[in-house]
Amino acid sequence: MTALFPRPLLATRADSALYVVRPAVDDPLRRALRLGRNVLIVGDHGSGRTSLLHAHARELREGHRTVVYIDGRAPDAAADIVRAVGLAIEDQGHPPRAIGRPAADEEGVLGALRQLPDARDAIVLLDDPSPDDAFELFGRHRDRLWETDYTWVVATTPEGAALLAAP
C-alpha cells in the first residue's frame with residue numbers, strides 16, 4: 001500500500017515555490033479546514049487540484065495537524081480508501097482501535113470505518129476517487145463517514161461532482 005502515500009510534490013518549502021497561490025481558492029479552504037468542514041474541490045484535469053491538496057498538506061503538517069493524502073485512483077474499492085486512511089493515521093502515531101474484527105454485516109466500507117483509529121481533527125485529502133468509490137463513501141455511507149470526526153477534502157472533476165450531487 002505504500003504506493004498510496006507518495007512523497008507529496010509540494011512537501012517542502014522549496015517545493016512549495018512551484019505552487020501558485022490563489023487567495024480566492026486557498027483562503028476559503030483554510031477557513032473551512034479551521035472550522036472542521038468537509039470540502040469538495042471541483043476542477044478539470046490539469047486545473048491544479050492535486051497541487052492545491054499537496055500545498056495544503058504541507059502547510060497543515062507544519063501546523064502540527066494530522067493530515068493524510070490519498071491518491072483515490074490507486075485503491076481498488078472504497079473500503080481500500082478507508083483502510084489506506086487508517087494505515088496512514090497509524091503511521092503518524094495514532095494507535096489502532098482495539099475493537100476486534102468487524103461483524104459479518106460490517107465488512108467492506110462499514111468494517112473499515114469501524115476500524116479507523118481515533119484521531120480527532122485528522123484531515124483526509126482524497127484526490128480523484130473513482131465515481132463509484134466516491135458515491136460509496138459520500139453517498140451510501142455518508143452518515144457513518146461523518147461520525148468518524150475526520151475532516152474530508154475531496155478533489156474531483158465536474159463529472160465526478162455531478163455524480164456526488166445526485167440523489
# chains A, B, ... in the order shown; residues from 1 in each chain; ligands from 1
call {"tool": "select_by_dssp", "arguments": {"residues": "chain A", "states": "strand (DSSP E)", "output": "PyMOL selection string"}}
result
chain A and resi 39-42+67-71+123-127+151-156
call {"tool": "residues_around", "arguments": {"residues": "segment 123-139 of chain A", "least_positions_apart": "3", "cutoff": "6 Å", "atoms": "only C-alpha atoms", "output": "number ranges by chain"}}
result
A: 67-73, 78, 142, 150-156, 160, 164
call {"tool": "closest_residue", "arguments": {"among": "A:Val39, A:Leu116, A:Val25, A:Leu163", "to": "Thr148 of chain A", "atoms": "only C-alpha atoms"}}
result
A:Leu116
call {"tool": "select_by_dssp", "arguments": {"residues": "segment 116-147 of chain A", "states": "alpha helix (DSSP H)", "output": "compact mmCIF listing (two decimals) with N, CA and C atoms, in the first residue's frame"}}
result
# COMPACT_ATOMS: atom_id res chain seq x y z
N PRO A 131 -15.70 7.60 -9.50
CA PRO A 131 -17.09 7.97 -9.17
C PRO A 131 -17.79 6.92 -8.32
N ASP A 132 -17.55 5.64 -8.61
CA ASP A 132 -18.18 4.58 -7.82
C ASP A 132 -17.71 4.62 -6.36
N ASP A 133 -16.40 4.79 -6.15
CA ASP A 133 -15.87 4.85 -4.79
C ASP A 133 -16.38 6.08 -4.07
N ALA A 134 -16.42 7.21 -4.76
CA ALA A 134 -16.90 8.44 -4.14
C ALA A 134 -18.36 8.31 -3.73
N PHE A 135 -19.18 7.71 -4.61
CA PHE A 135 -20.59 7.53 -4.26
C PHE A 135 -20.73 6.57 -3.08
N ARG A 142 -22.34 7.99 3.87
CA ARG A 142 -22.05 9.36 4.30
C ARG A 142 -22.22 9.55 5.81
N ASP A 143 -23.35 9.13 6.35
CA ASP A 143 -23.60 9.37 7.77
C ASP A 143 -22.56 8.70 8.65
N ARG A 144 -22.19 7.47 8.34
CA ARG A 144 -21.16 6.77 9.12
C ARG A 144 -19.80 7.43 8.95
N LEU A 145 -19.53 7.93 7.74
CA LEU A 145 -18.25 8.59 7.47
C LEU A 145 -18.12 9.86 8.31
N TRP A 146 -19.21 10.64 8.39
CA TRP A 146 -19.16 11.89 9.15
C TRP A 146 -19.02 11.61 10.65
call {"tool": "closest_residue", "arguments": {"among": "A:Val82, A:Pro95, A:Val20, A:Gly108", "to": "Ser47 of chain A", "atoms": "only C-alpha atoms"}}
result
A:Val20
